[in-house]
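Participant: The structure under discussion is supplied below as structure tokens; questions concerning it will follow.
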Amino acid sequence: MTAYLITNVSVVGAAPTDLLIRDGVVAEVGPGLTAPDATAIDGTGLVALPGLVDLHTHLREPGREDAETVESGSRAAALGGYTAVCAMANTSPVADTAGVVEQVWRLGREAALVDVQPIGAVTVGLAGERLAELGAMADSTARVRIFSDDGHCVADPKLMRRALEYVKAFDGIIAQHAEEPRLTEGAQMHEGEVSTRLGLIGWPAVAEEAIIARDVLLAEHVGSRLHVCHVSTAGSVEVLRQAKARGVRVTAEVTPHHLLLTDERAETYDPVFKVNPPLRTAADIAALRAALADGVLDAIATDHAPHAVEDKECEWAYARPGMLGLETALSIALDVLGPEWDLIAERMSRTPARIAGLTGHGIDPAPGVPANLTLIDPAARRTIEPAELASRSRNTPYARMTLPGRIVATFLRGEPTVLDGKAVK
Amino acid sequence: MIKHLLSGGDLDADAATEILDTAAEMATVAGREIKKLPALRGRTVVNLFYEDSTRTRISFEAAAKRLSADVINFSAKGSSVTKGESLKDTALTLQAMGADAVVVRHPASGAPHRLANWVDGSVVNAGDGTHEHPTQALLDAYTMRSRLGRLAGLSVAVVGDVLHSRVARSNVLLLSTLGAKVTLVGPPTLIPVDIAAALAPGTDVSYDLDSALPNVDVVMMLRVQRERMNDSYFPSAREYARRYGLDGPRMRRLPEHAIVMHPGPMNRGMEITPEVADSPRSTIVEQVTNGVSVRMAVLYLLLGGNNR
């Protein structure tokens with residue numbers, strides 16, 4: 001195992017120092033380190049963060065390997081500064097058994113670019129009718145702790161209550177895709193001025209807020225952990241703020257695209273901007289940014305959703321919802337939050353690692369901790385070219401946008417997955 | 001002239017007026033024994049219809065033929081994703097065949113906008129989903145101008161299922177551009193959110209047909225599909241007709257000169273009674289006639305027939 005000496009690097013925004021990585025851990029931190037056997041990396045101008053952790057990634061394998069594989073998605077993640085991703089369950093077959101989650105976990109180990117932590121489905125086949133074998137997934141090699149029907153809401157209140165209660169036995173958490181399905185039948189985009197103009201069926205904010213309100217009450221009633229996926233509205237933020245003030249055990253994530261892009265992007269009818277929940281208004285963006293800063297929103301999660309070209313190069317209504325996110329998330333965070341490195345580390349690494357129970361991740365570089373970290377050049381600016389992304393898919397909403405920040409290197413347990421901005425394998 | 005006609009909002013007042021004036025010239029052709037002009041000889045117009053709409057298709061077909069264009073009717077029913085070829089591949093096929101204009105009717109809002117990315121020719125939106133139907137708005141404006149002599153300052157009530165109506169959206173945009181005042185009337189469930197901000201700031205909304213009628217020059221009734229009943233937009237066809245249908249007594253509350261319009265096809269007895277539909281105030285048949293002239297004007301101007 002090679003050792004790496006990163007010199008003159010700012011750890012989470014602090015004054016420059018040196019980092020020595022050896023045997024999978026951060027061996028030493030301090031100015032003026034020497035290690036003749038180590039590969040030297042000049043960290044001047046770079047910022048080291050604990051490796052990013054994504055609570056919400058669609059890797060598409062098994063089933064849609066034309067759109068993404070565990071390996072290609074892992075590579076995209078590493079290039080985005082991630083060292084761990086939580087793989088959503090809506091694959092084909094659905095990750096609703098120990099067998100499928102173990103398959104995804106094993107593929108992640110084989111790719112060895114990030115830690116792939118499978119999420120298990122809450123209900124069999126995501127059908128919202130009966131619980132999947134949550135305990136079997138928890139006890140499997142994949143050690144599943146987060147369960148989600150993401151893509152579908154666990155809409156049945158009784159089933160949601162039972163799921164929340166049941167997973168307490170193994171400290172599980174239900175990650176809800178909050179969307180009241182009766183209020184979003186046929187919905188194509190945020191319900192508002194733009195949907196009216198474009199003649200597209202609206203997805204009203206209340207469809208998200210009503211489910212979050214119900215679920216925080218259920219979680220409070222049964223004393224369970226609830227996580228809310230991809231919060232997109234100002235109203236949802238207020239529901240969460242009140243619940244947290246009461247001490248409800250709820251956490252919530254927001255996507256980079258909901259922090260940056262508004263529903264006006266739909267005006268071209270280019271389905272690259274179609275996503276679920278949909279892009280909202282500038283007022284929602286302002287509320288989400290404020291909530292991310294004050295902690296009502298706990299984490300930035302990408303909802304990286306690769307789709308094959310033919311599923312996006314079509315009429316808006318027929319396109320699949322979702323956008324790529326892994327390779328651009330840090331840049332969007334930097335754009336939206338500015339160089340607030342401690343906040344970025346908190347929302348993109350420490351807190352998501354804690355929510356997911358990934359004990360080796362989300363720890364600032366310090367002597368003895370696992371060397372899961374990423375190096376960022378905050379001064380760099382790059383123009384996003386879809387063809388240059390490592391994902392198998394091309395559905396980035398940031399095509400030809402120039403964004404701040406570039407991932408220079410990523411280390412997973414002391415091994416580089418990215419060096420000089422390029423994937424090592 | 002603009003290249004594509006995708007939205008009623010694509011036209012400024014001058015461009016819209018040019019189309020209406022050209023349509024008036026085209027209308028004189030219909031009165032001749034030989035109803036044909038050589039303007040688009042050698043040009044190819046494709047009618048690409050993903051929805052059944054005999055009325056609109058034959059109107060565009062008649063318009064193109066009267067201008068001597070070669071017309072290809074391409075009926076591609078059913079969704080392009082679930083069955084058969086994608087819209088993009090169809091577009092590339094039409095492009096390869098040298099279509100100078102593609103007239104497209106599609107159940108998905110925005111499909112003509114997508115198509116316009118993939119063909120070099122002009123795209124004319126002949127109705128897309130619940131979005132727009134700009135040539136319908138042009139023929140409606142033409143009909144109003146013919147009957148009432150002007151558009152600026154007219155007060156127009158558009159009544160019914162505005163939420164799902166492409167006719168309403170195009171009319172609000174175009175009529176506002178041309179200086180008319182539009183009031184949208186219907187049950188609150190069928191009026192889309194933020195409609196004035198979305199389309200034209202001066203647009204009014206009313207939930208009460210009776211109070212709107214005495215002050216309008218034009219009342220335009222929209223078709224209400226019976227299946228809306230099953231989705232709780234309103235309790236029953238009978239209650240809808242009672243509150244928002246135009247019958248004889250309501251028609252008599254209109255000012256003397258006011259006209260009654262309907263884009264067709266009508267649900268007689270639902271949004272409009274036969275007494276009203278067949279009355280002298282009704283312009284419903286004229287609208288069909290004017291549709292051909294207006295579509296001739298649109299094709300002629302978009303394809304630069306005047307420049308050849």
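Identifiers for the structure tokens are assigned positionally: chains receive A, B, ... in sequence, residues are indexed from 1 per chain, and ligands are indexed from 1 in the order shown.
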What parts of segment 226-385 of chain A does DSSP call alpha helix (DSSP H)? I'd like the answer as a ChimeraX atom specification.
Facilitator: /A:234-246,256-260,282-294,329-337,341-345,351-356
Participant: Please dump the current selection as a compact mmCIF listing (two decimals), in the first residue's frame; keep N, CA and C atoms.
Facilitator:
# COMPACT_ATOMS: atom_id res chain seq x y z
N ALA A 234 -40.80 25.39 0.15
CA ALA A 234 -40.69 26.24 1.33
C ALA A 234 -41.64 25.74 2.42
N GLY A 235 -42.80 25.27 2.02
CA GLY A 235 -43.77 24.77 3.00
C GLY A 235 -43.25 23.54 3.72
N SER A 236 -42.56 22.66 3.00
CA SER A 236 -41.99 21.47 3.64
C SER A 236 -40.98 21.88 4.70
N VAL A 237 -40.20 22.90 4.39
CA VAL A 237 -39.20 23.38 5.35
C VAL A 237 -39.88 23.80 6.64
N GLU A 238 -41.00 24.50 6.53
CA GLU A 238 -41.69 24.97 7.74
C GLU A 238 -42.24 23.79 8.54
N VAL A 239 -42.79 22.78 7.87
CA VAL A 239 -43.29 21.59 8.57
C VAL A 239 -42.14 20.92 9.32
N LEU A 240 -40.99 20.81 8.66
CA LEU A 240 -39.84 20.16 9.28
C LEU A 240 -39.30 20.99 10.44
N ARG A 241 -39.30 22.29 10.26
CA ARG A 241 -38.79 23.17 11.32
C ARG A 241 -39.60 22.97 12.61
N GLN A 242 -40.91 22.94 12.45
CA GLN A 242 -41.77 22.76 13.63
C GLN A 242 -41.57 21.38 14.25
N ALA A 243 -41.47 20.36 13.42
CA ALA A 243 -41.31 18.99 13.94
C ALA A 243 -40.00 18.87 14.70
N LYS A 244 -38.94 19.44 14.13
CA LYS A 244 -37.64 19.35 14.80
C LYS A 244 -37.66 20.10 16.12
N ALA A 245 -38.37 21.24 16.14
CA ALA A 245 -38.45 22.01 17.38
C ALA A 245 -39.16 21.21 18.46
N ARG A 246 -40.07 20.33 18.06
CA ARG A 246 -40.78 19.48 19.03
C ARG A 246 -39.96 18.26 19.42
N PRO A 256 -28.95 19.05 -5.02
CA PRO A 256 -28.31 20.23 -5.61
C PRO A 256 -29.22 20.96 -6.60
N HIS A 257 -29.96 20.19 -7.41
CA HIS A 257 -30.77 20.87 -8.44
C HIS A 257 -31.92 21.67 -7.83
N HIS A 258 -32.45 21.20 -6.70
CA HIS A 258 -33.50 21.99 -6.05
C HIS A 258 -32.95 23.24 -5.37
N LEU A 259 -31.64 23.29 -5.21
CA LEU A 259 -31.00 24.49 -4.64
C LEU A 259 -30.63 25.52 -5.70
N LEU A 260 -30.71 25.13 -6.96
CA LEU A 260 -30.18 26.00 -8.01
C LEU A 260 -31.18 26.31 -9.14
N ALA A 282 -38.24 30.30 -7.33
CA ALA A 282 -37.13 31.01 -6.69
C ALA A 282 -37.37 31.16 -5.19
N ALA A 283 -38.62 31.34 -4.79
CA ALA A 283 -38.93 31.47 -3.36
C ALA A 283 -38.64 30.16 -2.62
N ASP A 284 -38.95 29.04 -3.26
CA ASP A 284 -38.63 27.75 -2.65
C ASP A 284 -37.12 27.59 -2.51
N ILE A 285 -36.39 27.97 -3.56
CA ILE A 285 -34.93 27.85 -3.52
C ILE A 285 -34.37 28.66 -2.35
N ALA A 286 -34.88 29.86 -2.18
CA ALA A 286 -34.38 30.71 -1.09
C ALA A 286 -34.64 30.05 0.26
N ALA A 287 -35.82 29.46 0.42
CA ALA A 287 -36.16 28.80 1.70
C ALA A 287 -35.28 27.57 1.92
N LEU A 288 -35.02 26.81 0.86
CA LEU A 288 -34.21 25.61 0.98
C LEU A 288 -32.77 25.97 1.35
N ARG A 289 -32.24 27.02 0.73
CA ARG A 289 -30.86 27.44 1.04
C ARG A 289 -30.75 27.89 2.50
N ALA A 290 -31.76 28.65 2.94
CA ALA A 290 -31.72 29.12 4.33
C ALA A 290 -31.82 27.94 5.29
N ALA A 291 -32.66 26.97 4.96
CA ALA A 291 -32.84 25.81 5.83
C ALA A 291 -31.61 24.93 5.85
N LEU A 292 -30.89 24.92 4.76
CA LEU A 292 -29.65 24.14 4.72
C LEU A 292 -28.61 24.79 5.63
N ALA A 293 -28.60 26.11 5.62
CA ALA A 293 -27.65 26.82 6.48
C ALA A 293 -28.01 26.68 7.95
N ASP A 294 -29.31 26.74 8.28
CA ASP A 294 -29.66 26.73 9.70
C ASP A 294 -29.92 25.32 10.25
N ALA A 329 -22.28 17.77 -7.83
CA ALA A 329 -22.90 18.19 -6.56
C ALA A 329 -22.01 19.17 -5.78
N LEU A 330 -20.74 18.85 -5.67
CA LEU A 330 -19.86 19.71 -4.89
C LEU A 330 -19.78 21.11 -5.51
N SER A 331 -19.71 21.14 -6.83
CA SER A 331 -19.67 22.44 -7.51
C SER A 331 -20.93 23.26 -7.26
N ILE A 332 -22.08 22.58 -7.27
CA ILE A 332 -23.33 23.29 -7.01
C ILE A 332 -23.34 23.80 -5.56
N ALA A 333 -22.87 22.96 -4.63
CA ALA A 333 -22.84 23.38 -3.23
C ALA A 333 -21.94 24.60 -3.06
N LEU A 334 -20.81 24.57 -3.74
CA LEU A 334 -19.88 25.69 -3.66
C LEU A 334 -20.49 26.96 -4.27
N ASP A 335 -21.21 26.77 -5.35
CA ASP A 335 -21.87 27.88 -6.02
C ASP A 335 -22.95 28.48 -5.13
N VAL A 336 -23.70 27.60 -4.47
CA VAL A 336 -24.87 28.03 -3.71
C VAL A 336 -24.48 28.53 -2.32
N LEU A 337 -23.53 27.84 -1.67
CA LEU A 337 -23.19 28.16 -0.28
C LEU A 337 -21.94 29.03 -0.16
N TRP A 341 -16.64 25.91 4.14
CA TRP A 341 -16.19 24.52 4.10
C TRP A 341 -16.74 23.67 5.23
N ASP A 342 -16.88 24.27 6.39
CA ASP A 342 -17.40 23.48 7.51
C ASP A 342 -18.86 23.08 7.24
N LEU A 343 -19.61 24.02 6.71
CA LEU A 343 -21.02 23.73 6.39
C LEU A 343 -21.11 22.68 5.28
N ILE A 344 -20.26 22.81 4.28
CA ILE A 344 -20.26 21.82 3.19
C ILE A 344 -19.90 20.44 3.73
N ALA A 345 -18.88 20.38 4.59
CA ALA A 345 -18.50 19.08 5.17
C ALA A 345 -19.63 18.51 6.01
N THR A 351 -22.92 14.65 8.37
CA THR A 351 -24.30 14.33 8.74
C THR A 351 -24.86 13.17 7.91
N PRO A 352 -24.68 13.17 6.60
CA PRO A 352 -25.19 12.00 5.86
C PRO A 352 -24.55 10.69 6.31
N ALA A 353 -23.27 10.71 6.67
CA ALA A 353 -22.63 9.48 7.17
C ALA A 353 -23.29 9.04 8.47
N ARG A 354 -23.59 10.01 9.33
CA ARG A 354 -24.24 9.68 10.60
C ARG A 354 -25.65 9.12 10.37
N ILE A 355 -26.41 9.77 9.46
CA ILE A 355 -27.78 9.30 9.18
C ILE A 355 -27.74 7.87 8.65
N ALA A 356 -26.78 7.60 7.76
CA ALA A 356 -26.71 6.29 7.13
C ALA A 356 -26.01 5.26 8.02
Participant: Give me the residues within 12 Å of Ala76 of chain B as a list in words, counting only C-alpha atoms and dropping any in the same chain fewer than 5 places off.
Facilitator: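 The residues that qualify are Val46, Asn47, Leu48, Phe49, Tyr50, Glu51, Asp52, Ser53, Val81, Lys83, Gly84, Glu85, Ser86, Leu87, Thr90, Ala91, Val104, Arg105, His106 and Pro107 of chain B.
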Participant: Let's have the selection written as a CSV table (one decimal), in the first residue's frame, with C-alpha atoms.
Facilitator:
chain,number,residue,atom,x,y,z
B,46,VAL,CA,-46.8,17.3,-43.9
B,47,ASN,CA,-49.8,16.9,-41.6
B,48,LEU,CA,-48.4,15.0,-38.7
B,49,PHE,CA,-51.4,14.0,-36.5
B,50,TYR,CA,-50.8,12.0,-33.3
B,51,GLU,CA,-54.5,12.5,-32.4
B,52,ASP,CA,-57.7,12.1,-34.3
B,53,SER,CA,-58.8,15.5,-35.4
B,81,VAL,CA,-42.8,5.9,-26.9
B,83,LYS,CA,-45.7,2.1,-29.8
B,84,GLY,CA,-43.5,2.4,-32.7
B,85,GLU,CA,-41.2,5.2,-33.7
B,86,SER,CA,-40.0,8.0,-31.5
B,87,LEU,CA,-41.0,11.6,-32.3
B,90,THR,CA,-40.3,10.6,-37.3
B,91,ALA,CA,-38.9,14.1,-37.4
B,104,VAL,CA,-48.4,18.8,-35.9
B,105,ARG,CA,-51.2,17.7,-33.6
B,106,HIS,CA,-50.0,15.9,-30.5
B,107,PRO,CA,-51.4,14.8,-27.2
Participant: Would you pick out the contacts of Leu326 of chain A at 7 Å or less, using only C-alpha atoms, so that residues sharing its chain but fewer than 6 positions from it are not included, and give the list as a JSON list (two decimals) with N, CA and C atoms, in the first residue's frame?
Facilitator:
[["chain", "number", "residue", "atom", "x", "y", "z"],
["A", 76, "ALA", "N", -18.32, 7.75, -11.18],
["A", 76, "ALA", "CA", -18.87, 9.12, -11.18],
["A", 76, "ALA", "C", -18.83, 9.70, -9.77],
["A", 77, "ALA", "N", -19.16, 8.85, -8.81],
["A", 77, "ALA", "CA", -19.18, 9.31, -7.41],
["A", 77, "ALA", "C", -17.78, 9.72, -6.95],
["A", 80, "GLY", "N", -16.74, 12.86, -8.19],
["A", 80, "GLY", "CA", -17.46, 13.95, -7.54],
["A", 80, "GLY", "C", -17.00, 14.19, -6.12],
["A", 302, "THR", "N", -27.73, 13.73, -3.75],
["A", 302, "THR", "CA", -27.78, 14.08, -5.17],
["A", 302, "THR", "C", -29.07, 13.66, -5.87],
["A", 304, "HIS", "N", -28.99, 11.35, -7.81],
["A", 304, "HIS", "CA", -28.36, 11.02, -9.10],
["A", 304, "HIS", "C", -29.23, 9.99, -9.81]]
Participant: Would you mind reading off the distance between atom CA of Val70 of chain A and atom CA of Pro278 of chain A, one decimal, in Å?
Facilitator: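 So the two atoms, atom CA of Val70 of chain A and atom CA of Pro278 of chain A, lie 25.7 Å apart.
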Participant: With a distance cut-off of 12 Å and only C-alpha atoms, select the neighbouring residues of segment 116-119 of chain B, excluding the residue or stretch itself and same-chain residues fewer than 5 positions from it, and output the selection as an MDAnalysis selection string.
Facilitator: (chainID A and resid 268:270 313:315) or (chainID B and resid 3:6 46 86:104 110:111 124:125)
Participant: Write the residues of the preceding selection, restricted to N, CA and C atoms, as a short mmCIF file (atom, residue, chain, number, x, y, z; two decimals), in the first residue's frame.
Facilitator:
data_model
loop_
_atom_site.label_atom_id
_atom_site.label_comp_id
_atom_site.auth_asym_id
_atom_site.auth_seq_id
_atom_site.Cartn_x
_atom_site.Cartn_y
_atom_site.Cartn_z
N THR A 268 -38.36 25.22 -22.27
CA THR A 268 -37.91 24.65 -23.54
C THR A 268 -38.57 23.30 -23.83
N TYR A 269 -39.28 22.78 -22.86
CA TYR A 269 -39.84 21.42 -22.94
C TYR A 269 -38.74 20.37 -23.09
N ASP A 270 -37.51 20.71 -22.74
CA ASP A 270 -36.44 19.72 -22.80
C ASP A 270 -36.49 18.89 -21.51
N GLU A 313 -34.81 11.96 -24.80
CA GLU A 313 -34.90 12.65 -26.09
C GLU A 313 -36.27 12.39 -26.69
N CYS A 314 -37.28 12.96 -26.05
CA CYS A 314 -38.65 12.67 -26.46
C CYS A 314 -39.54 13.78 -25.94
N GLU A 315 -40.84 13.56 -26.05
CA GLU A 315 -41.80 14.52 -25.52
C GLU A 315 -41.65 14.57 -23.99
N LYS B 3 -40.37 31.85 -37.95
CA LYS B 3 -40.14 30.59 -38.67
C LYS B 3 -41.19 29.53 -38.31
N HIS B 4 -41.48 29.42 -37.02
CA HIS B 4 -42.45 28.43 -36.56
C HIS B 4 -43.63 29.16 -35.93
N LEU B 5 -44.79 28.51 -35.93
CA LEU B 5 -45.92 29.02 -35.16
C LEU B 5 -46.26 27.97 -34.10
N LEU B 6 -45.70 28.18 -32.90
CA LEU B 6 -45.88 27.20 -31.83
C LEU B 6 -46.86 27.69 -30.76
N VAL B 46 -46.47 18.60 -44.50
CA VAL B 46 -46.83 17.33 -43.87
C VAL B 46 -47.80 17.61 -42.73
N SER B 86 -40.07 6.84 -32.37
CA SER B 86 -40.02 8.03 -31.52
C SER B 86 -40.31 9.28 -32.36
N LEU B 87 -40.70 10.33 -31.66
CA LEU B 87 -40.97 11.61 -32.35
C LEU B 87 -39.72 12.08 -33.09
N LYS B 88 -38.57 11.86 -32.47
CA LYS B 88 -37.34 12.31 -33.12
C LYS B 88 -37.10 11.56 -34.43
N ASP B 89 -37.30 10.25 -34.41
CA ASP B 89 -37.07 9.48 -35.63
C ASP B 89 -38.08 9.86 -36.71
N THR B 90 -39.32 10.10 -36.29
CA THR B 90 -40.31 10.57 -37.26
C THR B 90 -39.88 11.91 -37.83
N ALA B 91 -39.38 12.78 -36.98
CA ALA B 91 -38.92 14.09 -37.44
C ALA B 91 -37.79 13.94 -38.45
N LEU B 92 -36.86 13.05 -38.16
CA LEU B 92 -35.73 12.87 -39.07
C LEU B 92 -36.20 12.31 -40.41
N THR B 93 -37.24 11.46 -40.36
CA THR B 93 -37.82 10.93 -41.60
C THR B 93 -38.43 12.05 -42.43
N LEU B 94 -39.20 12.89 -41.76
CA LEU B 94 -39.85 14.00 -42.48
C LEU B 94 -38.80 14.95 -43.04
N GLN B 95 -37.76 15.15 -42.25
CA GLN B 95 -36.66 16.00 -42.68
C GLN B 95 -36.02 15.42 -43.95
N ALA B 96 -35.81 14.10 -43.94
CA ALA B 96 -35.17 13.45 -45.08
C ALA B 96 -36.05 13.52 -46.32
N MET B 97 -37.37 13.58 -46.10
CA MET B 97 -38.28 13.67 -47.25
C MET B 97 -38.43 15.10 -47.74
N GLY B 98 -37.82 16.04 -47.05
CA GLY B 98 -37.83 17.42 -47.51
C GLY B 98 -39.10 18.17 -47.19
N ALA B 99 -39.65 17.94 -46.01
CA ALA B 99 -40.85 18.67 -45.62
C ALA B 99 -40.52 20.15 -45.43
N ASP B 100 -41.26 21.01 -46.10
CA ASP B 100 -41.06 22.46 -45.92
C ASP B 100 -41.80 22.96 -44.69
N ALA B 101 -42.91 22.27 -44.39
CA ALA B 101 -43.65 22.62 -43.17
C ALA B 101 -44.23 21.35 -42.60
N VAL B 102 -44.23 21.29 -41.27
CA VAL B 102 -44.87 20.18 -40.57
C VAL B 102 -45.95 20.76 -39.69
N VAL B 103 -47.18 20.33 -39.96
CA VAL B 103 -48.30 20.73 -39.14
C VAL B 103 -48.53 19.60 -38.16
N VAL B 104 -48.37 19.88 -36.87
CA VAL B 104 -48.39 18.78 -35.91
C VAL B 104 -49.49 18.94 -34.86
N GLY B 110 -46.09 20.64 -25.71
CA GLY B 110 -44.69 20.92 -26.01
C GLY B 110 -44.10 20.05 -27.11
N ALA B 111 -44.83 19.05 -27.58
CA ALA B 111 -44.27 18.19 -28.63
C ALA B 111 -43.85 19.00 -29.87
N VAL B 124 -45.82 24.06 -37.49
CA VAL B 124 -47.05 24.73 -37.09
C VAL B 124 -47.75 23.87 -36.05
N ASN B 125 -47.99 24.45 -34.90
CA ASN B 125 -48.66 23.74 -33.82
C ASN B 125 -50.16 23.70 -34.12
#
Participant: Just the residues within 12 Å of Glu256 of chain B, please, counting only C-alpha atoms, with nothing from its chain fewer than 6 positions along; format it as number ranges by chain.
Facilitator: B: 148, 213-218, 280-281
Participant: List the spatial neighbours of Thr281 of chain A as number ranges by chain - criterion: any atom at most 9 Å away, only C-alpha atoms, same-chain residues fewer than 3 positions off excluded.
Facilitator: A: 190, 192, 233, 261-264, 284-286
Participant: With only C-alpha atoms as the counted atoms, please give the residues lying no more than 9 Å from Ser109 of chain B, apart from itself and same-chain residues fewer than 6 positions off, as a list of chain:residue names.
Facilitator: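 The residues that qualify are A:Leu198, A:Gly199, A:Leu200, A:Tyr269, A:Glu315, A:Trp316, A:Ala317, B:Gly127, B:Asp128, B:Gly129, B:Thr130, B:His131, B:Glu132.
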Participant: Separation of atom CA of Tyr233 of chain B and atom CA of Val159 of chain B, in Å?
Facilitator: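 These atoms are spaced 14.7 Å apart.
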Participant: I'd like to know which of A:Arg130, A:Arg106, A:Arg64, A:Lys312 is closest to chain B, using only C-alpha atoms.
Facilitator: A:Lys312
Participant: Given the choices A:Leu412, A:Met189, A:Ala89, A:Ala219, which gets closest to chain B if the distance is worked out from only C-alpha atoms?
Facilitator: A:Met189
Participant: Would you mind telling me which residue in B:Ser7, B:Leu154, B:Asp208, B:Asn73 lies nearest to chain A when using only C-alpha atoms?
Facilitator: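 The answer is B:Ser7, which sits nearest to chain A.
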Participant: How many Å lie between atom CA of Thr410 of chain A and atom CA of Ala84 of chain A, rounded to one decimal?
Facilitator: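 About the pair atom CA of Thr410 of chain A and atom CA of Ala84 of chain A: they are 11.3 Å apart.
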Participant: Go through B:Val294, B:Ala63, B:Leu174, B:Ala126 one by one, measure the shortest atom-to-atom distance of each to Lys35 of chain B using only C-alpha atoms, and give the residue with the smallest value.
Facilitator: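 Closest candidate: B:Ala63.
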Participant: Taking only C-alpha atoms into account, name the residue in B:Asp278, B:Glu61, B:Asp70, B:Asp231 that is nearest to chain A.
Facilitator: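 Closest to chain A, using only C-alpha atoms: B:Asp231.
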Participant: Which residue, B:Arg43, B:Arg169, B:Arg145, B:His133, has the smallest gap to chain A when you use only C-alpha atoms?
Facilitator: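 Smallest distance to chain A is found for B:Arg169.
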